[in-house]
Amino acid sequence: MKNALYFKFVLAYAVLAIAGLILISTAGSAVIQRQILDSTGEELYKEATSLSYSQASQDYESASDLKDIYDICTALADYESARILLLDPQGEPYFDTGYSFQDKEAEKQQLTNFDPASMGTGYYQVGDFYRYFDQEMVNVMVPVTQNLYTKGYFSIHLPMAEIIARREAVLGPVYLIFAVLFLLSLGILALFSFSVYRPLKKITVGANEYASGNLSYNIPVSTEDEMGYLATTLNYMSDELAKMGDYQHKFVANVSHDFRSPLTSIKGFVEAIMDGTIPPEMQEKYLKIVINETERLEKLTQSLLTLDKLDAKGRPIHKTDFDINRTIKNTAAAFEAICQQKSLVIELHQESEQLMVHADLEQIQQVLYNLIDNAIKFSSDHSVIKVETSENHGKVFVSVKDSGTGISKESLPKIWDRFYKQDSSRGRDRRGTGLGLSIVKEIITAHNQNINVISTEGVGTEFIFTLDQAK
């Protein structure tokens, strides 16, 4: 379901609103009614008690005294919107403020099974007051005593309809406030739709585009919140995946090219030897070419394996303390034969006899080998290659400088790319794989160090990288 999240949010919002309304109209109504009932019952009880104390000395057999009491009770009953009864000890009404004093209708209404003890110990009781009333009433009753003798009872009665009316008067503003809050809370739904749902829908569209292979799609969400960050991250991911796809295509094309060329040469020369096209006296020359092409394939394969290990983090760094000056001397010695052939000189410039660094010895040896090999390839005969070490503020700087052909400004940013070769490289030395500098960059980056290059066409090139000095 495409709009499941939005539907769930709206449903939860509706359920919350309905639940709130039900809660107010049931539990809230009951709590408010109980509060009003308790408060009113206590108030009526106090009024009845006051009447009992103030009228205890009156003579209830005297019509004039009863009339005076009736008038007082009528005024109080009108004020409380209630009815007041004065009962004799047996529960017979002396009067009922619901009737006029002379009206004898009240006498026809008698209390059934009158028992003052049944009123309990609370302030009030809800009921029909011994079937005297035909509706639910809030009833309070207080005895009138004089010299420990019960002369009668004052009872005050308020219809439950009045309690309910008071409850509804309180609930009215509560419902109004709830309605206002409900309408205001619609802003939350609008905010959710604008800031979460709409961006999320755009992100979902983008994810579907990426899944279908359209990595050029850009998710149009530019907010500064988490949704914007997610969209930016996904856009960046798609760009990187697109670059990776381009790189893979170029990688396969380059590997195919660099493997196909020597294999074609090997196949051609071997077939020519086998069918007699190349005479026996010339076979040694072409077999040497086959060996060189085989060595080139071996070097390419080894470089690819090295890069694969670096990419997959399968080649961990084992840092130790070692003398970088001695390592440079040993690495440079490996190029003695080719330097003699080209009449090249490798000069070592070192500030001290020993300079200790903290790094992976094997990997740094490979860095030095690749940089010196690169310098030799691009150096003209009878030139000098300088390898220099120095120390500054806990860092060791290693420089490999040649005076060869140099690198053009256009090519300089690309030299770290895998399989990248300048045209001159392809013509000058076909043994190159275009992976040497990529490996150097990967190793130095894995050491959390820096490597820079300075080059001028026709003047030469200098590579400078850093290492941590051993403590």
# chains A, B, ... in the order shown; residues from 1 in each chain; ligands from 1
call {"tool": "residues_around", "arguments": {"residues": "range 347-362 of chain A", "least_positions_apart": "4", "cutoff": "12 Å", "atoms": "only C-alpha atoms", "output": "count of residues only"}}
result
56
call {"tool": "residues_around", "arguments": {"residues": "range 404-407 of chain A", "least_positions_apart": "3", "cutoff": "6 Å", "atoms": "only C-alpha atoms", "output": "count of residues only"}}
result
10
call {"tool": "closest_residue", "arguments": {"among": "A:Phe182, A:Phe192, A:Tyr286, A:Tyr70", "to": "Phe9 in chain A", "atoms": "only C-alpha atoms"}}
result
A:Phe192
call {"tool": "select_by_dssp", "arguments": {"residues": "range 362-423 of chain A", "states": "strand (DSSP E or B)", "output": "list in words"}}
result
Val384, Ile385, Lys386, Val387, Glu388, Thr389, Ser390, Glu391, Asn392, Lys395, Val396, Phe397, Val398, Ser399, Val400, Lys401 and Asp402 of chain A
call {"tool": "residues_around", "arguments": {"residues": "Leu200 in chain A", "least_positions_apart": "6", "cutoff": "10 Å", "atoms": "only C-alpha atoms", "output": "PyMOL selection string"}}
result
chain A and resi 5+193-194+206+221+227-228+230-231
call {"tool": "residues_around", "arguments": {"residues": "Glu92 in chain A", "least_positions_apart": "2", "cutoff": "8 Å", "atoms": "only C-alpha atoms", "output": "JSON, numbers by chain"}}
result
{"A": [87, 88, 89, 90, 94, 107, 110, 111]}
call {"tool": "decode", "arguments": {"residues": "range 197-233 of chain A", "atoms": "C-alpha atoms", "output": "mmCIF file, in the first residue's frame"}}
result
data_model
loop_
_atom_site.group_PDB
_atom_site.id
_atom_site.type_symbol
_atom_site.label_atom_id
_atom_site.label_comp_id
_atom_site.auth_asym_id
_atom_site.auth_seq_id
_atom_site.Cartn_x
_atom_site.Cartn_y
_atom_site.Cartn_z
ATOM 1 C CA TYR A 197 5.381 12.646 4.187
ATOM 2 C CA ARG A 198 5.988 14.725 1.046
ATOM 3 C CA PRO A 199 9.813 14.550 1.282
ATOM 4 C CA LEU A 200 9.585 10.857 2.143
ATOM 5 C CA LYS A 201 7.437 10.265 -0.921
ATOM 6 C CA LYS A 202 10.027 12.030 -3.090
ATOM 7 C CA ILE A 203 12.780 9.955 -1.490
ATOM 8 C CA THR A 204 10.766 6.786 -2.194
ATOM 9 C CA VAL A 205 10.431 7.812 -5.845
ATOM 10 C CA GLY A 206 14.187 8.381 -5.956
ATOM 11 C CA ALA A 207 14.887 4.984 -4.374
ATOM 12 C CA ASN A 208 12.692 3.323 -6.999
ATOM 13 C CA GLU A 209 14.567 5.186 -9.747
ATOM 14 C CA TYR A 210 17.900 3.997 -8.343
ATOM 15 C CA ALA A 211 16.579 0.451 -8.070
ATOM 16 C CA SER A 212 15.578 0.548 -11.742
ATOM 17 C CA GLY A 213 19.082 1.691 -12.702
ATOM 18 C CA ASN A 214 18.498 5.421 -13.188
ATOM 19 C CA LEU A 215 21.415 6.671 -11.079
ATOM 20 C CA SER A 216 21.272 10.124 -12.669
ATOM 21 C CA TYR A 217 17.986 10.912 -10.884
ATOM 22 C CA ASN A 218 18.304 13.661 -8.255
ATOM 23 C CA ILE A 219 15.899 13.670 -5.305
ATOM 24 C CA PRO A 220 14.412 17.213 -5.114
ATOM 25 C CA VAL A 221 14.548 17.634 -1.307
ATOM 26 C CA SER A 222 16.740 20.463 -0.025
ATOM 27 C CA THR A 223 15.539 21.047 3.543
ATOM 28 C CA GLU A 224 17.970 21.365 6.444
ATOM 29 C CA ASP A 225 16.382 18.614 8.546
ATOM 30 C CA GLU A 226 16.860 14.844 8.670
ATOM 31 C CA MET A 227 14.846 14.354 5.478
ATOM 32 C CA GLY A 228 17.068 16.796 3.641
ATOM 33 C CA TYR A 229 20.146 15.042 4.999
ATOM 34 C CA LEU A 230 18.775 11.664 3.897
ATOM 35 C CA ALA A 231 18.000 12.984 0.416
ATOM 36 C CA THR A 232 21.474 14.538 0.133
ATOM 37 C CA THR A 233 23.047 11.282 1.273
#
